[in-house]
Amino acid sequence: MNFKKDFLFGVATAAAQIEGGGFADGRGASIWDAFADKPGKIKGGAKPSAACQSYTMFDDDLKQMKDLGINSYRMSISWGRVLPKGTGALNQKGVDYYKRCFDKLLEAGIAPNVTLYHWDLPQALEEKGGWVNRDSQYWFSEYADKMFREFGGTVPYWVTINEPIATYVGYGLGFFAPGHKDKAWGNQARHNVMTASGAGVEAFRASGAKGKIGVVIDIWKRFPRTDSPEDIALAKDEDEENWKFYTDRLLGQGYSKYILDKFYHEGTLPIMYDEDFRLTNLPIDFYGMNYYNTLTVGVRKQAETSGENGGNFYIQHQSHPENLGKILKFIKASYKLNIPVYVTENGFSGKNETPASDGMIHDDERIAYIDKALKSVDELLGEGIDVRGYYLWSLMDNFEWSAGYESKYGLIHTNFETMERTWKKSAYWYRDFILKVMNEG
Ligand code: FCB
């Protein structure tokens with residue numbers, strides 16, 4: 001194996017997906033709280049206000065992390081916990097919670113990798129127009145600045161924004177909070193959230209914080225089903241809309257002519273200023289790639305009913321963990337990236353994960369998936385590619401956004417009634433994998 005001891009092996013979570021704790025200690029509602037209150041938006045009527053109760057069970061979760069042997073933990077700050085109205089006075093109890101988390105992690109030799117925005121915009125800001133409002137970059141920069149001043153001396157890794165596409169899903173498609181379905185709004189919101197990311201980087205440098213700062217973008221590369229011009233065009237359009245829009249701007253120098261022309265003809269072109277691009281062109285220290293899968297797409301033939309999407313195209317959705325390395329190299333080459341890369345998320349959603357008669361959850365499919373993904377990362381290292389960490393999504397089963405509690409990504413099973421955590425077979429497997437590297441690397 002090519003992994004060395006200093007490679008970061010972690011697990012990832014997000015505040016809205018695990019913290020719960022209701023609105024205790026002054027947490028302000030987020031757009032996900034409001035979205036979950038609308039009937040039919042989230043599977044099973046699930047609400048993020050319960051989640052895994054990590055707000056009160058952090059010590060227990062830390063113990064799980066120590067037992068797993070990880071050396072880094074990717075988590076996010078709930079914006080509304082520290083700034084209940086989104087801007088203005090800090091909520092000291094919220095700040096104290098994160099201070100304690102970071103201190104305890106550092107004490108345990110687990111480096112916190114902290115995301116500022118993992119989709120939970122304070123509802124108070126949504127009421128002012130949310131990400132569609134150009135002021136969002138100032139709101140975010142105020143929040144980011146406050147966090148850097150509190151924690152910039154200790155937290156080694158920062159991420160501005162996790163997966164900017166979620167903003168589009170929330171404002172353009174309506175499947176995520178806040179649930180608007182308007183492409184022009186969606187495009188404006190996704191333009192603005194990236195401007196905010198740049199403003200966050202600027203605030204970071206100005207604060208004199210010690211660590212490194214980067215962005216996280218998920219790559220779901222599409223491959224055409226056949227080499228027909230229609231299938232090739234569809235794959236290109238899907239790539240442009242679903243990930244290139246973000247990488248072109250945050251890892252490159254701006255949007256592609258293809259997407260700008262498309263939006264112009266649709267009448268959905270966002271309002272943009274030079275200043276927005278100045279901010280996103282500021283250098284970042286690393287790129288965090290979230291990788292789950294690659295997809296095969298094709299134009300649906302008449303009478304063809306197969307494929308998951310049910311729309312006008314066919315989409316094949318099998319897991320391809322082995323493509324992780326190929327995609328990472330492709331992104332690095334496309335943007336001539338010479339900054340370090342971290343795999344900030346990778347994982348597998350299991351169905352019917354109930355304990356067998358021996359009491360164990362035999363999530364062998366997850367193990368096979370992770371094994372292939374890690375082999376792919378190992379090959380990258382063998383080729384001398386600068387990848388420095390790998391974070392499994394997720395530490396435990398949690399609130400999986402619109403899929404509620406039914407989609408299970410955890411290494412650890414969460415009983416949502418009792419909040420008891422139980423290791424799945426994959427947790428033991430990951431622990432042993434890390435142990436092997438630490439002994440040999
Ligand atoms: C990613 C999200 C993360 C989680 C996983 C399964 O897109 O960043 O919060 O939902 O998918």
# chains A, B, ... in the order shown; residues from 1 in each chain; ligands from 1
>>> residues_around(residues="stretch 133-147 of chain A", least_positions_apart="4", cutoff="6 Å", atoms="only C-alpha atoms", output="ChimeraX atom specification")
/A:129,151,196,199-200,203
>>> residues_near_ligand(ligand="ligand 1", cutoff="10 Å", atoms="only C-alpha atoms and all ligand atoms", output="JSON, numbers by chain")
{"A": [12, 13, 14, 15, 16, 17, 76, 118, 119, 161, 162, 163, 164, 165, 166, 216, 217, 218, 219, 290, 291, 292, 344, 345, 346, 347, 348, 349, 392, 393, 394, 398, 399, 400, 401, 402, 403, 407, 408, 409, 410]}
>>> residues_around(residues="A:Tyr287", least_positions_apart="6", cutoff="9 Å", atoms="only C-alpha atoms", output="list in words")
Ile213, Gly214, Val215, Val216, Ile217, Leu251, Leu337, Ile339, Pro340, Val341, Tyr342, Val343 and Thr344 of chain A
>>> closest_residue(among="A:Lys181, A:Lys85, A:Lys244, A:Lys99", to="A:Tyr335", atoms="only C-alpha atoms")
A:Lys244
>>> atom_distance(atom1="atom CA of A:Pro48", atom2="atom CA of A:Pro355")
25.0 Å
>>> select_by_dssp(residues="stretch 182-263 of chain A", states="strand (DSSP E or B)", output="PyMOL selection string")
chain A and resi 212-218+222-224
>>> closest_residue(among="A:Asn91, A:Ser78, A:Ser357, A:Asn71", to="A:Gly109", atoms="only C-alpha atoms")
A:Asn71
>>> select_by_dssp(residues="stretch 181-325 of chain A", states="alpha helix (DSSP H)", output="VMD selection string")
chain A and resid 183 to 207 229 to 239 245 to 250 257 to 266 274 to 280 324 to 325
>>> atom_distance(atom1="atom CA of A:Leu121", atom2="atom CA of A:Cys52")
19.6 Å
>>> residues_around(residues="A:Lys104", least_positions_apart="4", cutoff="12 Å", atoms="only C-alpha atoms", output="list of chain:residue names")
A:Phe58, A:Asp59, A:Asp60, A:Asp61, A:Leu62, A:Lys63, A:Met65, A:Lys66, A:Tyr73, A:Tyr97, A:Tyr98, A:Lys99, A:Arg100, A:Ala108, A:Gly109, A:Ile110, A:Ala111, A:Pro112, A:Thr154, A:Val155
>>> write_last_selection(atoms="N, CA, C and O atoms", output="PDB file, in the first residue's frame")
ATOM      1  N   PHE A  58     -22.058  14.498  21.958  1.00  0.00           N
ATOM      2  CA  PHE A  58     -20.767  14.628  21.272  1.00  0.00           C
ATOM      3  C   PHE A  58     -19.684  13.750  21.903  1.00  0.00           C
ATOM      4  O   PHE A  58     -18.857  13.159  21.194  1.00  0.00           O
ATOM      5  N   ASP A  59     -19.685  13.633  23.220  1.00  0.00           N
ATOM      6  CA  ASP A  59     -18.635  12.833  23.876  1.00  0.00           C
ATOM      7  C   ASP A  59     -18.705  11.384  23.432  1.00  0.00           C
ATOM      8  O   ASP A  59     -17.682  10.730  23.218  1.00  0.00           O
ATOM      9  N   ASP A  60     -19.937  10.906  23.291  1.00  0.00           N
ATOM     10  CA  ASP A  60     -20.130   9.540  22.826  1.00  0.00           C
ATOM     11  C   ASP A  60     -19.611   9.391  21.384  1.00  0.00           C
ATOM     12  O   ASP A  60     -18.913   8.433  21.053  1.00  0.00           O
ATOM     13  N   ASP A  61     -19.940  10.383  20.551  1.00  0.00           N
ATOM     14  CA  ASP A  61     -19.485  10.324  19.162  1.00  0.00           C
ATOM     15  C   ASP A  61     -17.967  10.413  19.067  1.00  0.00           C
ATOM     16  O   ASP A  61     -17.346   9.757  18.227  1.00  0.00           O
ATOM     17  N   LEU A  62     -17.393  11.222  19.935  1.00  0.00           N
ATOM     18  CA  LEU A  62     -15.931  11.325  19.955  1.00  0.00           C
ATOM     19  C   LEU A  62     -15.305   9.978  20.319  1.00  0.00           C
ATOM     20  O   LEU A  62     -14.291   9.571  19.748  1.00  0.00           O
ATOM     21  N   LYS A  63     -15.938   9.290  21.242  1.00  0.00           N
ATOM     22  CA  LYS A  63     -15.421   7.969  21.632  1.00  0.00           C
ATOM     23  C   LYS A  63     -15.469   7.019  20.425  1.00  0.00           C
ATOM     24  O   LYS A  63     -14.527   6.259  20.181  1.00  0.00           O
ATOM     25  N   MET A  65     -15.198   7.856  17.378  1.00  0.00           N
ATOM     26  CA  MET A  65     -14.126   8.267  16.456  1.00  0.00           C
ATOM     27  C   MET A  65     -12.771   7.751  16.930  1.00  0.00           C
ATOM     28  O   MET A  65     -11.964   7.279  16.140  1.00  0.00           O
ATOM     29  N   LYS A  66     -12.559   7.849  18.250  1.00  0.00           N
ATOM     30  CA  LYS A  66     -11.285   7.355  18.800  1.00  0.00           C
ATOM     31  C   LYS A  66     -11.178   5.852  18.553  1.00  0.00           C
ATOM     32  O   LYS A  66     -10.122   5.349  18.181  1.00  0.00           O
ATOM     33  N   TYR A  73     -11.666  14.674  11.445  1.00  0.00           N
ATOM     34  CA  TYR A  73     -13.134  14.617  11.460  1.00  0.00           C
ATOM     35  C   TYR A  73     -13.663  15.800  10.677  1.00  0.00           C
ATOM     36  O   TYR A  73     -13.343  16.948  11.002  1.00  0.00           O
ATOM     37  N   TYR A  97     -20.305  25.505  22.326  1.00  0.00           N
ATOM     38  CA  TYR A  97     -20.469  24.107  21.892  1.00  0.00           C
ATOM     39  C   TYR A  97     -19.356  23.723  20.914  1.00  0.00           C
ATOM     40  O   TYR A  97     -18.688  22.703  21.076  1.00  0.00           O
ATOM     41  N   TYR A  98     -19.145  24.568  19.895  1.00  0.00           N
ATOM     42  CA  TYR A  98     -18.123  24.224  18.901  1.00  0.00           C
ATOM     43  C   TYR A  98     -16.717  24.316  19.487  1.00  0.00           C
ATOM     44  O   TYR A  98     -15.846  23.512  19.143  1.00  0.00           O
ATOM     45  N   LYS A  99     -16.526  25.269  20.387  1.00  0.00           N
ATOM     46  CA  LYS A  99     -15.201  25.388  21.008  1.00  0.00           C
ATOM     47  C   LYS A  99     -14.842  24.078  21.705  1.00  0.00           C
ATOM     48  O   LYS A  99     -13.748  23.546  21.583  1.00  0.00           O
ATOM     49  N   ARG A 100     -15.827  23.567  22.423  1.00  0.00           N
ATOM     50  CA  ARG A 100     -15.615  22.325  23.160  1.00  0.00           C
ATOM     51  C   ARG A 100     -15.349  21.162  22.173  1.00  0.00           C
ATOM     52  O   ARG A 100     -14.457  20.348  22.382  1.00  0.00           O
ATOM     53  N   ALA A 108      -7.645  14.773  21.253  1.00  0.00           N
ATOM     54  CA  ALA A 108      -7.622  13.345  20.901  1.00  0.00           C
ATOM     55  C   ALA A 108      -6.772  13.078  19.655  1.00  0.00           C
ATOM     56  O   ALA A 108      -6.729  11.954  19.159  1.00  0.00           O
ATOM     57  N   GLY A 109      -6.133  14.109  19.132  1.00  0.00           N
ATOM     58  CA  GLY A 109      -5.309  13.914  17.936  1.00  0.00           C
ATOM     59  C   GLY A 109      -6.135  13.751  16.671  1.00  0.00           C
ATOM     60  O   GLY A 109      -5.691  13.152  15.691  1.00  0.00           O
ATOM     61  N   ILE A 110      -7.355  14.281  16.696  1.00  0.00           N
ATOM     62  CA  ILE A 110      -8.236  14.194  15.522  1.00  0.00           C
ATOM     63  C   ILE A 110      -8.401  15.610  14.966  1.00  0.00           C
ATOM     64  O   ILE A 110      -9.007  16.470  15.612  1.00  0.00           O
ATOM     65  N   ALA A 111      -7.858  15.852  13.777  1.00  0.00           N
ATOM     66  CA  ALA A 111      -7.862  17.216  13.230  1.00  0.00           C
ATOM     67  C   ALA A 111      -9.253  17.595  12.724  1.00  0.00           C
ATOM     68  O   ALA A 111      -9.795  16.920  11.841  1.00  0.00           O
ATOM     69  N   PRO A 112      -9.851  18.670  13.272  1.00  0.00           N
ATOM     70  CA  PRO A 112     -11.153  19.090  12.744  1.00  0.00           C
ATOM     71  C   PRO A 112     -11.025  19.724  11.353  1.00  0.00           C
ATOM     72  O   PRO A 112     -10.150  20.549  11.125  1.00  0.00           O
ATOM     73  N   THR A 154      -6.998  27.656  16.080  1.00  0.00           N
ATOM     74  CA  THR A 154      -6.884  26.226  16.389  1.00  0.00           C
ATOM     75  C   THR A 154      -7.310  25.286  15.258  1.00  0.00           C
ATOM     76  O   THR A 154      -6.698  24.239  15.076  1.00  0.00           O
ATOM     77  N   VAL A 155      -8.366  25.635  14.528  1.00  0.00           N
ATOM     78  CA  VAL A 155      -8.868  24.699  13.505  1.00  0.00           C
ATOM     79  C   VAL A 155      -7.913  24.671  12.304  1.00  0.00           C
ATOM     80  O   VAL A 155      -7.635  25.700  11.699  1.00  0.00           O
TER      81      VAL A 155
END
>>> atom_distance(atom1="atom CA of A:Phe223", atom2="atom CA of A:Phe245")
17.1 Å
>>> closest_atom_pairs(of="stretch 139-243 of chain A", to="stretch 34-45 of chain A", cutoff="10 Å", atoms="only C-alpha atoms", output="CSV")
residue,atom,partner,partner_atom,distance
A:Gly170,CA,A:Phe35,CA,9.9
A:Gly174,CA,A:Lys41,CA,9.3
A:Phe175,CA,A:Lys41,CA,7.6
A:Phe176,CA,A:Phe35,CA,7.9
A:Ala177,CA,A:Phe35,CA,5.4
A:Pro178,CA,A:Phe35,CA,5.9
A:Gly179,CA,A:Phe35,CA,6.9
>>> closest_residue(among="A:Met272, A:Leu381, A:Ala233, A:Ile367", to="A:Tyr430", atoms="only C-alpha atoms")
A:Ile367
>>> residues_around(residues="stretch 438-441 of chain A", least_positions_apart="2", cutoff="7 Å", atoms="only C-alpha atoms", output="CSV table (one decimal) with C-alpha atoms, in the first residue's frame")
chain,number,residue,atom,x,y,z
A,3,PHE,CA,-0.7,5.2,2.2
A,4,LYS,CA,1.5,6.8,4.8
A,5,LYS,CA,0.8,7.6,8.5
A,434,ILE,CA,-6.6,2.4,9.2
A,435,LEU,CA,-4.8,0.3,11.8
A,436,LYS,CA,-2.9,-1.5,9.1
>>> closest_residue(among="A:Ala46, A:Leu106, A:Leu68, A:Leu83", to="A:Ala29", atoms="only C-alpha atoms")
A:Leu83
>>> residues_around(residues="A:His413", least_positions_apart="3", cutoff="10 Å", atoms="only C-alpha atoms", output="count of residues only")
19
>>> residues_around(residues="A:Tyr255", least_positions_apart="6", cutoff="12 Å", atoms="only C-alpha atoms", output="MDAnalysis selection string")
chainID A and resid 191 194 240:241 243:249 261:263 269:270 272 277 280:281
>>> closest_residue(among="A:Gly211, A:Gly404, A:Pro84, A:Gly382", to="A:Met1", atoms="only C-alpha atoms")
A:Gly382
